[in-house]
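Q: Input run.txt, format and content: compact mmCIF, C-alpha atoms and all ligand atoms.
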```txt
# COMPACT_ATOMS: atom_id res chain seq x y z
CA MET A 28 0.00 0.00 0.00
CA ARG A 29 2.86 2.34 0.86
CA ASN A 30 4.30 1.93 -2.62
CA MET A 31 1.43 3.89 -4.06
CA GLY A 32 3.09 6.94 -2.51
CA ARG A 33 -0.02 8.47 -1.01
CA GLN A 34 -0.82 9.54 2.50
CA LEU A 35 -2.68 6.88 4.46
CA HIS A 36 -5.52 7.42 6.90
CA VAL A 37 -5.33 4.91 9.75
CA VAL A 38 -8.06 4.56 12.40
CA ILE A 39 -6.82 3.13 15.72
CA GLY A 40 -9.22 1.79 18.36
CA GLY A 41 -7.62 2.27 21.80
CA GLY A 42 -4.95 4.34 20.05
CA SER A 43 -4.45 6.56 23.11
CA GLY A 44 -2.68 3.71 24.94
CA PHE A 45 0.90 2.52 25.06
CA ILE A 46 1.19 0.75 21.70
CA GLY A 47 -1.32 3.05 19.98
CA SER A 48 0.62 6.19 20.94
CA ALA A 49 3.84 4.75 19.53
CA LEU A 50 2.05 3.64 16.35
CA SER A 51 0.36 7.05 15.92
CA LEU A 52 3.70 8.80 16.33
CA ALA A 53 5.34 6.57 13.71
CA LEU A 54 2.47 7.03 11.23
CA ARG A 55 2.35 10.81 11.69
CA SER A 56 6.12 11.11 11.40
CA ARG A 57 5.98 9.55 7.92
CA GLY A 58 3.13 11.86 6.88
CA ASP A 59 0.12 9.61 7.42
CA HIS A 60 -3.12 10.75 9.05
CA VAL A 61 -4.43 9.11 12.24
CA THR A 62 -7.86 9.07 13.89
CA LEU A 63 -8.24 7.47 17.33
CA ILE A 64 -11.35 5.71 18.59
CA SER A 65 -11.54 6.43 22.31
CA ARG A 66 -13.94 6.56 25.24
CA THR A 67 -12.96 10.21 25.60
CA PRO A 68 -13.73 12.76 22.86
CA GLY A 69 -11.02 15.16 21.68
CA PRO A 70 -9.19 16.50 18.64
CA GLY A 71 -8.30 13.77 16.15
CA ARG A 72 -10.61 11.33 17.95
CA MET A 73 -13.99 9.74 17.53
CA THR A 74 -15.79 8.00 20.39
CA TRP A 75 -17.19 4.47 20.32
CA SER A 76 -20.69 6.04 20.22
CA ASP A 77 -19.64 8.07 17.15
CA LEU A 78 -18.56 4.80 15.55
CA ALA A 79 -21.90 3.15 16.36
CA ARG A 80 -23.86 6.17 15.05
CA ARG A 81 -21.89 7.23 12.00
CA GLY A 82 -19.73 4.24 11.10
CA LEU A 83 -16.11 4.46 10.00
CA PRO A 84 -14.69 7.47 8.20
CA ALA A 85 -13.05 6.86 4.81
CA CYS A 86 -9.74 5.24 5.72
CA ASP A 87 -7.07 2.82 4.50
CA ALA A 88 -6.52 0.74 7.62
CA VAL A 89 -8.14 0.03 10.98
CA VAL A 90 -6.15 -1.29 13.94
CA ASN A 91 -7.93 -2.26 17.15
CA LEU A 92 -5.81 -2.00 20.30
CA ALA A 93 -8.58 -1.27 22.81
CA GLY A 94 -8.63 -3.23 26.02
CA GLN A 95 -8.63 -2.75 29.78
CA HIS A 96 -5.14 -3.62 31.03
CA ILE A 97 -5.16 -7.16 32.44
CA LEU A 98 -2.11 -6.73 34.68
CA ASP A 99 -3.09 -3.47 36.37
CA LEU A 100 -1.83 -4.39 39.84
CA ARG A 101 -3.52 -1.35 41.35
CA ARG A 102 -6.80 -3.26 40.89
CA ARG A 103 -7.85 -6.41 42.68
CA TRP A 104 -8.82 -9.32 40.45
CA THR A 105 -12.60 -9.44 40.92
CA ALA A 106 -15.48 -10.72 38.79
CA ALA A 107 -16.29 -7.14 37.75
CA TYR A 108 -12.71 -6.43 36.70
CA ARG A 109 -12.59 -9.73 34.82
CA ASP A 110 -15.77 -8.79 32.91
CA GLU A 111 -14.28 -5.40 32.06
CA VAL A 112 -11.13 -7.06 30.72
CA VAL A 113 -13.22 -9.36 28.50
CA ASN A 114 -15.84 -6.85 27.35
CA SER A 115 -13.38 -4.05 26.61
CA ARG A 116 -11.76 -6.34 24.03
CA VAL A 117 -14.64 -8.39 22.67
CA GLU A 118 -17.26 -5.62 22.51
CA THR A 119 -14.93 -3.04 20.91
CA THR A 120 -13.85 -5.65 18.37
CA LYS A 121 -17.49 -6.47 17.58
CA GLN A 122 -18.20 -2.77 17.10
CA VAL A 123 -15.26 -2.33 14.74
CA VAL A 124 -16.20 -5.46 12.79
CA LYS A 125 -19.83 -4.30 12.45
CA ALA A 126 -18.65 -0.92 11.15
CA LEU A 127 -16.29 -2.63 8.68
CA ASN A 128 -18.94 -5.03 7.42
CA GLU A 129 -21.45 -2.19 7.00
CA SER A 130 -18.98 0.13 5.26
CA ALA A 131 -19.77 0.74 1.57
CA SER A 132 -16.03 1.16 0.86
CA PRO A 133 -14.11 -0.66 3.59
CA PRO A 134 -10.41 0.01 4.22
CA GLU A 135 -7.83 -2.31 2.71
CA VAL A 136 -6.54 -3.50 6.09
CA PHE A 137 -8.01 -4.60 9.44
CA ILE A 138 -5.59 -5.57 12.19
CA SER A 139 -7.08 -7.12 15.30
CA THR A 140 -4.58 -7.50 18.09
CA ALA A 141 -4.51 -10.04 20.89
CA GLY A 142 -1.88 -11.64 23.08
CA LYS A 143 0.53 -14.58 22.90
CA CYS A 144 -1.73 -15.97 25.65
CA PHE A 145 -3.70 -17.46 22.74
CA TYR A 146 -1.33 -20.43 22.97
CA GLY A 147 -2.38 -21.18 26.54
CA THR A 148 -0.27 -22.66 29.28
CA ARG A 149 0.69 -26.01 30.69
CA ALA A 150 2.67 -26.55 33.88
CA LEU A 151 6.05 -27.78 32.65
CA ASP A 152 9.14 -28.10 34.77
CA ALA A 153 11.94 -27.84 32.20
CA VAL A 154 12.62 -25.39 29.40
CA GLU A 155 13.17 -28.32 27.02
CA ALA A 156 9.66 -29.60 27.76
CA TYR A 157 7.96 -26.56 26.23
CA PRO A 158 6.72 -27.25 22.70
CA GLU A 159 7.80 -24.80 19.98
CA LEU A 160 4.75 -22.86 18.86
CA ASP A 161 4.23 -20.74 15.78
CA GLU A 162 1.27 -19.07 14.11
CA ASP A 163 -0.09 -22.42 12.87
CA SER A 164 0.03 -24.08 16.30
CA ASP A 165 -3.05 -24.90 18.34
CA PRO A 166 -3.19 -23.76 21.96
CA MET A 167 -1.31 -26.14 24.28
CA GLY A 168 -3.75 -25.56 27.15
CA LEU A 169 -6.75 -23.51 28.11
CA ASP A 170 -6.55 -21.00 30.96
CA PHE A 171 -8.42 -17.72 31.42
CA PRO A 172 -6.04 -15.59 29.25
CA ALA A 173 -6.24 -18.19 26.44
CA GLU A 174 -10.04 -18.26 26.63
CA LEU A 175 -10.07 -14.48 26.51
CA VAL A 176 -7.95 -14.40 23.35
CA GLN A 177 -10.15 -17.02 21.70
CA LEU A 178 -13.28 -14.95 22.36
CA TRP A 179 -11.45 -11.84 21.16
CA GLU A 180 -10.23 -13.47 17.93
CA ALA A 181 -13.64 -15.07 17.30
CA ALA A 182 -15.21 -11.58 17.42
CA ALA A 183 -12.64 -10.38 14.86
CA ASP A 184 -13.22 -13.43 12.63
CA ASP A 185 -16.75 -12.17 11.90
CA VAL A 186 -15.26 -9.55 9.60
CA ASP A 187 -15.91 -10.10 5.89
CA SER A 188 -12.33 -10.92 4.96
CA THR A 189 -13.15 -11.14 1.25
CA ARG A 190 -13.27 -7.32 1.25
CA LEU A 191 -10.04 -6.55 3.13
CA ARG A 192 -6.79 -7.99 4.44
CA HIS A 193 -7.48 -9.23 7.96
CA PHE A 194 -4.58 -9.73 10.39
CA LYS A 195 -4.65 -11.38 13.79
CA LEU A 196 -1.62 -10.23 15.72
CA ARG A 197 -0.56 -12.18 18.82
CA ILE A 198 1.61 -9.91 20.88
CA GLY A 199 4.26 -10.80 23.48
CA ILE A 200 5.21 -8.55 26.42
CA VAL A 201 6.01 -5.21 24.82
CA LEU A 202 9.10 -3.50 26.24
CA ALA A 203 9.64 0.25 26.14
CA GLY A 204 12.00 2.68 27.80
CA LEU A 205 11.82 4.69 30.96
CA GLU A 206 11.87 8.28 29.71
CA ARG A 207 14.50 9.75 32.07
CA PRO A 208 12.33 10.14 35.16
CA SER A 209 13.33 12.59 37.86
CA GLY A 210 12.57 13.09 41.55
CA PHE A 211 10.17 10.61 43.09
CA ALA A 212 9.40 9.23 39.67
CA ARG A 213 12.88 7.70 39.66
CA LEU A 214 11.60 5.25 42.25
CA TRP A 215 8.10 4.89 40.85
CA PRO A 216 8.25 5.56 37.13
CA LEU A 217 4.90 3.89 36.53
CA GLY A 218 3.06 5.20 33.55
CA ARG A 219 0.40 3.30 31.68
CA SER A 220 1.79 4.79 28.51
CA ARG A 221 5.15 3.02 28.85
CA GLY A 222 4.00 -0.58 29.27
CA ILE A 223 5.03 -3.00 31.97
CA LEU A 224 8.83 -2.60 31.98
CA PRO A 225 8.92 0.55 34.17
CA LEU A 226 6.86 -1.36 36.73
CA ILE A 227 9.17 -4.38 36.62
CA VAL A 228 12.21 -2.15 37.07
CA VAL A 229 11.04 -0.67 40.40
CA PRO A 230 11.88 -3.66 42.64
CA PHE A 231 15.15 -4.14 40.77
CA ARG A 232 16.18 -0.56 41.51
CA LEU A 233 15.43 -1.20 45.16
CA GLY A 234 17.67 -4.27 45.06
CA LEU A 235 14.67 -6.60 45.30
CA GLY A 236 14.65 -8.03 41.79
CA ALA A 237 13.36 -11.60 41.70
CA VAL A 238 12.95 -14.60 39.48
CA ILE A 239 9.24 -15.34 39.13
CA GLY A 240 8.26 -18.85 40.24
CA SER A 241 10.50 -21.53 38.75
CA GLY A 242 12.07 -19.06 36.31
CA LYS A 243 11.97 -21.78 33.64
CA GLN A 244 8.87 -20.45 31.89
CA PRO A 245 9.56 -18.94 28.44
CA LEU A 246 8.89 -15.21 28.23
CA PRO A 247 7.90 -14.00 24.75
CA TRP A 248 8.85 -10.32 24.51
CA ILE A 249 9.16 -7.64 21.84
CA HIS A 250 10.79 -4.19 21.72
CA ILE A 251 8.29 -1.38 21.10
CA ASP A 252 10.15 -0.36 17.91
CA ASP A 253 9.57 -3.84 16.47
CA MET A 254 5.97 -3.87 17.67
CA VAL A 255 5.32 -0.70 15.66
CA GLY A 256 7.58 -1.92 12.86
CA ILE A 257 5.49 -5.09 12.39
CA LEU A 258 2.24 -3.12 12.33
CA LEU A 259 3.63 -0.78 9.64
CA HIS A 260 5.08 -3.71 7.68
CA LEU A 261 1.73 -5.50 7.56
CA ILE A 262 -0.14 -2.32 6.59
CA ASP A 263 2.37 -1.60 3.85
CA HIS A 264 2.74 -5.06 2.27
CA PRO A 265 -0.28 -6.06 0.19
CA GLU A 266 0.77 -9.73 -0.02
CA THR A 267 0.41 -10.24 3.75
CA ARG A 268 -2.68 -11.41 5.65
CA GLY A 269 -3.61 -13.85 8.41
CA ARG A 270 -2.03 -14.66 11.78
CA TYR A 271 1.28 -13.18 12.90
CA ASN A 272 3.18 -13.44 16.15
CA ALA A 273 4.60 -10.14 17.39
CA VAL A 274 7.37 -11.65 19.50
CA ALA A 275 11.15 -11.36 19.14
CA PRO A 276 12.96 -14.40 17.67
CA GLY A 277 15.32 -14.46 20.67
CA ILE A 278 12.89 -15.78 23.25
CA VAL A 279 14.28 -16.26 26.75
CA THR A 280 13.18 -17.82 30.03
CA ASN A 281 11.96 -15.72 32.93
CA ARG A 282 15.29 -16.36 34.67
CA ASP A 283 17.30 -15.20 31.60
CA PHE A 284 15.13 -12.09 31.46
CA VAL A 285 15.54 -11.04 35.08
CA GLU A 286 19.27 -11.84 35.11
CA THR A 287 19.80 -9.68 32.00
CA LEU A 288 17.70 -6.88 33.49
CA ALA A 289 19.56 -7.01 36.82
CA SER A 290 22.85 -6.88 34.95
CA CYS A 291 21.71 -3.87 32.85
CA LEU A 292 20.65 -2.02 35.99
CA ARG A 293 23.74 -3.14 37.95
CA ARG A 294 21.55 -4.51 40.69
CA PRO A 295 21.71 -7.88 42.48
CA LEU A 296 19.23 -10.66 41.94
CA VAL A 297 18.69 -11.98 45.43
CA TRP A 298 15.56 -14.09 45.57
CA SER A 299 12.82 -15.99 43.75
CA ALA A 300 9.20 -14.96 44.21
CA PRO A 301 7.40 -18.20 45.11
CA GLU A 302 4.33 -19.13 43.09
CA TRP A 303 1.97 -18.76 46.06
CA LEU A 304 3.10 -15.16 46.57
CA VAL A 305 2.65 -14.29 42.89
CA ARG A 306 -0.86 -15.81 42.98
CA LEU A 307 -1.65 -13.84 46.13
CA VAL A 308 -0.47 -10.51 44.70
CA VAL A 309 -1.68 -10.86 41.12
CA GLY A 310 -4.84 -12.93 41.59
CA GLY A 311 -5.33 -16.56 40.57
CA GLU A 312 -6.65 -16.42 37.01
CA ARG A 313 -4.18 -13.90 35.62
CA ALA A 314 -1.16 -15.25 37.54
CA SER A 315 -0.56 -17.79 34.76
CA ILE A 316 0.62 -14.88 32.56
CA LEU A 317 3.62 -14.52 34.89
CA LEU A 318 4.05 -18.05 36.21
CA GLN A 319 3.78 -19.97 32.98
CA GLY A 320 4.83 -19.19 29.45
CA GLN A 321 4.86 -20.19 25.83
CA LEU A 322 7.79 -20.88 23.53
CA VAL A 323 6.37 -18.78 20.71
CA ARG A 324 8.26 -18.14 17.48
CA PRO A 325 7.48 -15.42 14.90
CA ARG A 326 7.76 -17.82 11.93
CA ARG A 327 5.20 -16.16 9.64
CA THR A 328 6.37 -12.69 10.67
CA LEU A 329 9.90 -13.53 9.51
CA GLU A 330 8.59 -15.22 6.34
CA ALA A 331 6.67 -12.01 5.59
CA GLY A 332 10.04 -10.28 5.32
CA TYR A 333 9.97 -8.35 8.57
CA VAL A 334 13.54 -7.71 9.80
CA PHE A 335 13.68 -7.32 13.59
CA ARG A 336 15.63 -4.34 14.86
CA TYR A 337 15.98 -6.06 18.25
CA PRO A 338 15.91 -9.84 17.74
CA ARG A 339 17.85 -10.45 20.99
CA LEU A 340 17.06 -9.41 24.54
CA GLU A 341 20.37 -7.95 25.67
CA PRO A 342 20.59 -5.18 23.05
CA ALA A 343 16.88 -4.48 23.51
CA LEU A 344 17.23 -3.99 27.27
CA ALA A 345 20.47 -2.08 26.77
CA ASP A 346 18.51 0.32 24.58
CA LEU A 347 15.63 0.63 27.03
CA VAL A 348 16.90 0.44 30.59
CA SER A 349 20.63 0.93 30.41
CA VAL A 350 22.25 2.67 33.37
CA ARG A 351 22.88 5.55 30.96
CA THR A 352 19.09 6.11 30.89
CA TRP A 353 19.26 6.86 34.58
CA THR A 354 22.61 8.55 34.95
CA ALA A 355 23.31 10.52 31.81
CA GLY A 356 26.58 9.81 30.14
CA ARG A 357 27.42 6.47 31.78
CA ARG A 358 27.41 3.43 29.62
CA SER A 359 25.40 0.33 30.29
CA CYS A 360 26.94 -3.00 31.16
CA CYS A 361 24.70 -4.36 28.44
CA ALA A 362 26.24 -2.12 25.82
CA ARG A 363 28.69 -4.89 24.91
CA ALA A 364 25.81 -6.86 23.36
N1 LIG A 401 1.45 -3.87 26.11
C1 LIG A 401 1.68 -5.18 26.06
O1 LIG A 401 2.73 -5.68 26.53
C2 LIG A 401 0.66 -6.10 25.38
C3 LIG A 401 0.99 -7.45 25.24
C4 LIG A 401 0.07 -8.31 24.63
C5 LIG A 401 -1.14 -7.81 24.18
N2 LIG A 401 -1.43 -6.49 24.33
C6 LIG A 401 -2.74 -6.01 23.87
O2 LIG A 401 -2.58 -4.96 22.94
C7 LIG A 401 -3.60 -3.98 23.15
C8 LIG A 401 -2.94 -2.62 23.36
O3 LIG A 401 -2.05 -2.71 24.45
P1 LIG A 401 -1.54 -1.40 25.20
O4 LIG A 401 -0.43 -1.82 26.07
O5 LIG A 401 -1.35 -0.29 24.23
O6 LIG A 401 -2.82 -1.07 26.11
P2 LIG A 401 -3.14 0.24 26.98
O7 LIG A 401 -1.99 1.16 27.06
O8 LIG A 401 -3.73 -0.24 28.26
O9 LIG A 401 -4.21 0.99 26.07
C9 LIG A 401 -5.35 0.39 25.54
C10 LIG A 401 -6.40 1.44 25.26
O10 LIG A 401 -7.65 0.74 25.37
C11 LIG A 401 -8.64 1.66 25.78
N3 LIG A 401 -9.40 1.05 26.87
C12 LIG A 401 -8.98 0.74 28.12
N4 LIG A 401 -9.97 0.23 28.84
C13 LIG A 401 -11.05 0.22 28.03
C14 LIG A 401 -12.40 -0.17 28.20
N5 LIG A 401 -12.82 -0.64 29.39
N6 LIG A 401 -13.24 -0.06 27.15
C15 LIG A 401 -12.81 0.45 25.96
N7 LIG A 401 -11.56 0.86 25.74
C16 LIG A 401 -10.69 0.73 26.76
C17 LIG A 401 -7.97 2.93 26.29
O11 LIG A 401 -8.25 3.97 25.37
P3 LIG A 401 -9.22 5.23 25.78
O12 LIG A 401 -8.92 5.54 27.22
O13 LIG A 401 -8.77 6.31 24.85
O14 LIG A 401 -10.59 4.77 25.56
C18 LIG A 401 -6.48 2.57 26.27
O15 LIG A 401 -5.68 3.64 25.90
C19 LIG A 401 -4.41 -4.41 24.37
O16 LIG A 401 -5.61 -4.97 23.96
C20 LIG A 401 -3.53 -5.44 25.04
O17 LIG A 401 -4.27 -6.47 25.66
C21 LIG A 401 -0.55 -5.61 24.92
```
Kindly transcribe the structure held in the file into structure tokens.
Ligand SMILES: NC(=O)c1ccc[n+]([C@@H]2O[C@H](COP(=O)([O-])OP(=O)(O)OC[C@H]3O[C@@H](n4cnc5c(N)ncnc54)[C@H](OP(=O)(O)O)[C@@H]3O)[C@@H](O)[C@H]2O)c1

A:
Amino acid sequence: MRNMGRQLHVVIGGGSGFIGSALSLALRSRGDHVTLISRTPGPGRMTWSDLARRGLPACDAVVNLAGQHILDLRRRWTAAYRDEVVNSRVETTKQVVKALNESASPPEVFISTAGKCFYGTRALDAVEAYPELDEDSDPMGLDFPAELVQLWEAAADDVDSTRLRHFKLRIGIVLAGLERPSGFARLWPLGRSRGILPLIVVPFRLGLGAVIGSGKQPLPWIHIDDMVGILLHLIDHPETRGRYNAVAPGIVTNRDFVETLASCLRRPLVWSAPEWLVRLVVGGERASILLQGQLVRPRRTLEAGYVFRYPRLEPALADLVSVRTWTAGRRSCCARA
């Protein structure tokens, strides 16, 4: 699509969030036009009620990223919160799909996003025991996050894919930087707009970094630049469609991840958070996201010609959380990578 040399108009559901903000910035910086669908009205936005009333504006691509954060640890895991997590994904997807199906001239591209949790979890006690999964794999188990993704993808599958290119993106943990915080924010640099990494870094900075559970669970991750890069690649390449994993090729275990992070931050790794504690803090049903994992590979993403800027963890973390981010001018121990 990009080859046609014209400005694109991309509509992004939930585009005010972490990934959506980065995508909007990238699109605008190359001259494309962006409209957000949001619960809050404002310039360059339409609300979900506007979408229900007036349908989609003329556009080239629609990306749906809307969803109540599942790992918001400020909120207790209750039935009401669980419903919000499900409905914020499934109902917004249904609304977008309805608008697409009713559009007289639909956009060329519809990207529905979901998580790597699609592949489910199974309690396995050795890294070698985890099956390799790619976009053609079936889920290896069914827990709440996997059920959620199935409902979410089923809602997206109702789109008339004979009229557009439909993508289902399964996203790993998206890593982004810490934006040079100052003052108290140095200790608590938590911002919804920067994803989960700033939250993970807090205990490490306090010298309390921990392996989660057994530490053997694979942790599919992706640098925010590659997350946005994949979205742009799929929008721009007319030969692509279908399921894609947005995870870096260099998947690691939870232990590898926390050891690399501790090393980047020059902090010790002194303990392992036992499973019961993680379940207590996070809440049973969503704890599997942290305690278990999936060995997910981006096979189709690589076959589609996407070249990862950060295929390996060490350079990615060096870019995002190096000591130099915190103390200007000093180089990170990870910089060797
Ligand atoms: N970040 C990750 O590591 C990651 C990993 C795997 C999958 N994903 C998925 O990718 C999508 C985008 O992730 P993100 O990190 O950018 O999320 P985010 O920062 O939490 O933003 C998502 C957006 O969804 C909208 N939203 C939140 N609650 C909603 C509700 N109850 N009803 C309707 N809209 C609601 C909000 O937009 P308004 O306030 O403007 O309405 C928010 O800005 C999510 O669906 C997430 O599950 C993310």

Q: Please extract the residues at most 6 Å from ligand LIG 401 (chain A), counting only C-alpha atoms and all ligand atoms, and provide them as an MDAnalysis selection string, using the chain letters and residue numbers of this document.

A: chainID A and resid 41:47 65:67 92:96 111 115 140:142 198:201 219:220 222

Q: For atom CA of A:Val238 and atom CA of A:Val305, determine how far apart the two atoms are, in Å to one decimal place.

A: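 A separation of 10.9 Å between them.
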
Q: Using Å and a single decimal, report how far atom CA of A:Val334 sits from atom CA of A:Leu52.

A: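 Calculated distance between atom CA of A:Leu52 and atom CA of A:Val334 is 20.3 Å.
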
Q: Determine the nearest neighbour of A:Leu235 from the options A:Tyr108, A:Phe137, A:Tyr337, A:Trp298, counting only C-alpha atoms.

A: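 Ranked by minimum distance to A:Leu235, first place goes to A:Trp298.
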
Q: Counting only C-alpha atoms, what is within 9 Å of stretch 269-279 of chain A, bar same-chain residues fewer than 5 positions away, as JSON, numbers by chain?

A: {"A": [142, 143, 161, 162, 163, 192, 193, 194, 195, 196, 197, 198, 199, 200, 201, 244, 245, 246, 247, 248, 249, 250, 253, 254, 257, 258, 284, 322, 323, 324, 325, 326, 327, 328, 329, 335, 337, 338, 339, 340]}

Q: Counting all atoms listed in the file, which of A:Val61, A:Val38, A:Ile251, A:Val117 gets nearest to A:Val89?

A: A:Val38

Q: Report as a list in words all protein, DNA and RNA residues lying within 10 Å of A:Leu100, evaluated on all atoms listed in the file, omitting residues in the same chain fewer than 5 positions from it.

A: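 Skipping anything fewer than 5 positions along the chain leaves Leu226, Val308, Val309 and Gly310 of chain A.
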
Q: Between atom CA of A:Val37 and atom CA of A:Thr189, what is the distance in Å, rounded to a tenth?

A: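 That distance, rounded to one decimal, is 19.8 Å.
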
Q: Select, from A:Gly69, A:Ala88, A:Asn281, A:Arg57, the residue with the minimum atom-to-atom distance to A:Val154, counting all atoms listed in the file.

A: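 Of all the options, A:Asn281 lies closest to A:Val154.
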
Q: Identify which of the residues A:Ile39, A:Glu135, A:Ser241, A:Pro265 lies closest to A:Leu318, counting all atoms listed in the file when measuring atom-to-atom distances.

A: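 The closest residue to A:Leu318 is A:Ser241.
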
Q: May I ask which of the residues A:Ala131, A:Ala237, A:Leu35, A:Leu78 is the closest one to A:Gly58, counting all atoms listed in the file?

A: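 Answer, going by the shortest atom-to-atom distance: A:Leu35.
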
Q: Which residue is closest to A:Val348? Choose from A:Ile262, A:Glu330, A:Val228, A:Gly236 and count all atoms listed in the file.

A: A:Val228

Q: Counting all atoms listed in the file, which residues sit no farther than 9 Å from the position (14.0, -2.0, 28.5) in the file's frame? I'd like them as a list of chain:residue names.

A: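 Residues with an atom close enough to that point: A:Leu202, A:Ala203, A:Gly204, A:Leu205, A:Leu224, A:Pro225, A:Val228, A:His250, A:Leu288, A:Leu340, A:Ala343, A:Leu344, A:Ala345, A:Asp346, A:Leu347, A:Val348, A:Ser349.
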
Q: Now that the selection is made, can you save its residues with C-alpha atoms as a PDB file, in the coordinates of the input?

A:
```
ATOM      1  CA  LEU A 202       9.100  -3.500  26.240  1.00  0.00           C
ATOM      2  CA  ALA A 203       9.640   0.250  26.140  1.00  0.00           C
ATOM      3  CA  GLY A 204      12.000   2.680  27.800  1.00  0.00           C
ATOM      4  CA  LEU A 205      11.820   4.690  30.960  1.00  0.00           C
ATOM      5  CA  LEU A 224       8.830  -2.600  31.980  1.00  0.00           C
ATOM      6  CA  PRO A 225       8.920   0.550  34.170  1.00  0.00           C
ATOM      7  CA  VAL A 228      12.210  -2.150  37.070  1.00  0.00           C
ATOM      8  CA  HIS A 250      10.790  -4.190  21.720  1.00  0.00           C
ATOM      9  CA  LEU A 288      17.700  -6.880  33.490  1.00  0.00           C
ATOM     10  CA  LEU A 340      17.060  -9.410  24.540  1.00  0.00           C
ATOM     11  CA  ALA A 343      16.880  -4.480  23.510  1.00  0.00           C
ATOM     12  CA  LEU A 344      17.230  -3.990  27.270  1.00  0.00           C
ATOM     13  CA  ALA A 345      20.470  -2.080  26.770  1.00  0.00           C
ATOM     14  CA  ASP A 346      18.510   0.320  24.580  1.00  0.00           C
ATOM     15  CA  LEU A 347      15.630   0.630  27.030  1.00  0.00           C
ATOM     16  CA  VAL A 348      16.900   0.440  30.590  1.00  0.00           C
ATOM     17  CA  SER A 349      20.630   0.930  30.410  1.00  0.00           C
TER      18      SER A 349
END
```

Q: If I put a ball of radius 8 Å at (-23.5, 1.2, 12.2) in the file's coordinates, which residues poke into it when counting only C-alpha atoms, written as a list in words?

A: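 Protein and nucleic acid residues near the point are Leu78, Ala79, Arg80, Arg81, Gly82, Lys125, Ala126 and Glu129 of chain A.
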
Q: I'd like the contact shell of A:Ser164 - 9 Å cut-off, only C-alpha atoms, skipping same-chain residues fewer than 4 positions apart - returned as a VMD selection string.

A: chain A and resid 146 159 to 160

Q: Considering only C-alpha atoms, return as a tab-separated table (two decimals) with C-alpha atoms, keeping the file's coordinate frame whatever protein or nucleic-acid residues lie within 10 Å of A:Leu127, sequence-local ones (same chain, fewer than 5 positions apart) excluded.

A:
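That gives us out.tsv:
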```
chain	number	residue	atom	x	y	z
A	82	GLY	CA	-19.73	4.24	11.10
A	83	LEU	CA	-16.11	4.46	10.00
A	89	VAL	CA	-8.14	0.03	10.98
A	121	LYS	CA	-17.49	-6.47	17.58
A	122	GLN	CA	-18.20	-2.77	17.10
A	132	SER	CA	-16.03	1.16	0.86
A	133	PRO	CA	-14.11	-0.66	3.59
A	134	PRO	CA	-10.41	0.01	4.22
A	137	PHE	CA	-8.01	-4.60	9.44
A	186	VAL	CA	-15.26	-9.55	9.60
A	187	ASP	CA	-15.91	-10.10	5.89
A	188	SER	CA	-12.33	-10.92	4.96
A	190	ARG	CA	-13.27	-7.32	1.25
A	191	LEU	CA	-10.04	-6.55	3.13
```

Q: How would stretch 93-100 of chain A read, as a PDB file, keeping the file's coordinate frame, once N, CA, C and O atoms are built in?

A:
```
ATOM      1  N   ALA A  93      -7.858  -1.619  21.576  1.00  0.00           N
ATOM      2  CA  ALA A  93      -8.580  -1.270  22.810  1.00  0.00           C
ATOM      3  C   ALA A  93      -8.646  -2.455  23.761  1.00  0.00           C
ATOM      4  O   ALA A  93      -8.824  -3.599  23.343  1.00  0.00           O
ATOM      5  N   GLY A  94      -8.499  -2.172  25.022  1.00  0.00           N
ATOM      6  CA  GLY A  94      -8.630  -3.230  26.020  1.00  0.00           C
ATOM      7  C   GLY A  94      -8.192  -2.761  27.392  1.00  0.00           C
ATOM      8  O   GLY A  94      -7.125  -2.165  27.515  1.00  0.00           O
ATOM      9  N   GLN A  95      -9.012  -3.020  28.387  1.00  0.00           N
ATOM     10  CA  GLN A  95      -8.630  -2.750  29.780  1.00  0.00           C
ATOM     11  C   GLN A  95      -7.400  -3.577  30.134  1.00  0.00           C
ATOM     12  O   GLN A  95      -7.371  -4.781  29.866  1.00  0.00           O
ATOM     13  N   HIS A  96      -6.398  -2.934  30.716  1.00  0.00           N
ATOM     14  CA  HIS A  96      -5.140  -3.620  31.030  1.00  0.00           C
ATOM     15  C   HIS A  96      -5.409  -4.800  31.974  1.00  0.00           C
ATOM     16  O   HIS A  96      -6.034  -4.628  33.015  1.00  0.00           O
ATOM     17  N   ILE A  97      -4.902  -5.964  31.613  1.00  0.00           N
ATOM     18  CA  ILE A  97      -5.160  -7.160  32.440  1.00  0.00           C
ATOM     19  C   ILE A  97      -4.247  -7.227  33.656  1.00  0.00           C
ATOM     20  O   ILE A  97      -4.624  -7.782  34.694  1.00  0.00           O
ATOM     21  N   LEU A  98      -3.063  -6.632  33.563  1.00  0.00           N
ATOM     22  CA  LEU A  98      -2.110  -6.730  34.680  1.00  0.00           C
ATOM     23  C   LEU A  98      -1.993  -5.405  35.442  1.00  0.00           C
ATOM     24  O   LEU A  98      -0.911  -5.041  35.891  1.00  0.00           O
ATOM     25  N   ASP A  99      -3.099  -4.701  35.581  1.00  0.00           N
ATOM     26  CA  ASP A  99      -3.090  -3.470  36.370  1.00  0.00           C
ATOM     27  C   ASP A  99      -3.114  -3.880  37.840  1.00  0.00           C
ATOM     28  O   ASP A  99      -4.165  -4.221  38.395  1.00  0.00           O
ATOM     29  N   LEU A 100      -1.932  -3.859  38.468  1.00  0.00           N
ATOM     30  CA  LEU A 100      -1.830  -4.390  39.840  1.00  0.00           C
ATOM     31  C   LEU A 100      -2.417  -3.437  40.873  1.00  0.00           C
ATOM     32  O   LEU A 100      -2.500  -3.769  42.047  1.00  0.00           O
TER      33      LEU A 100
END
```
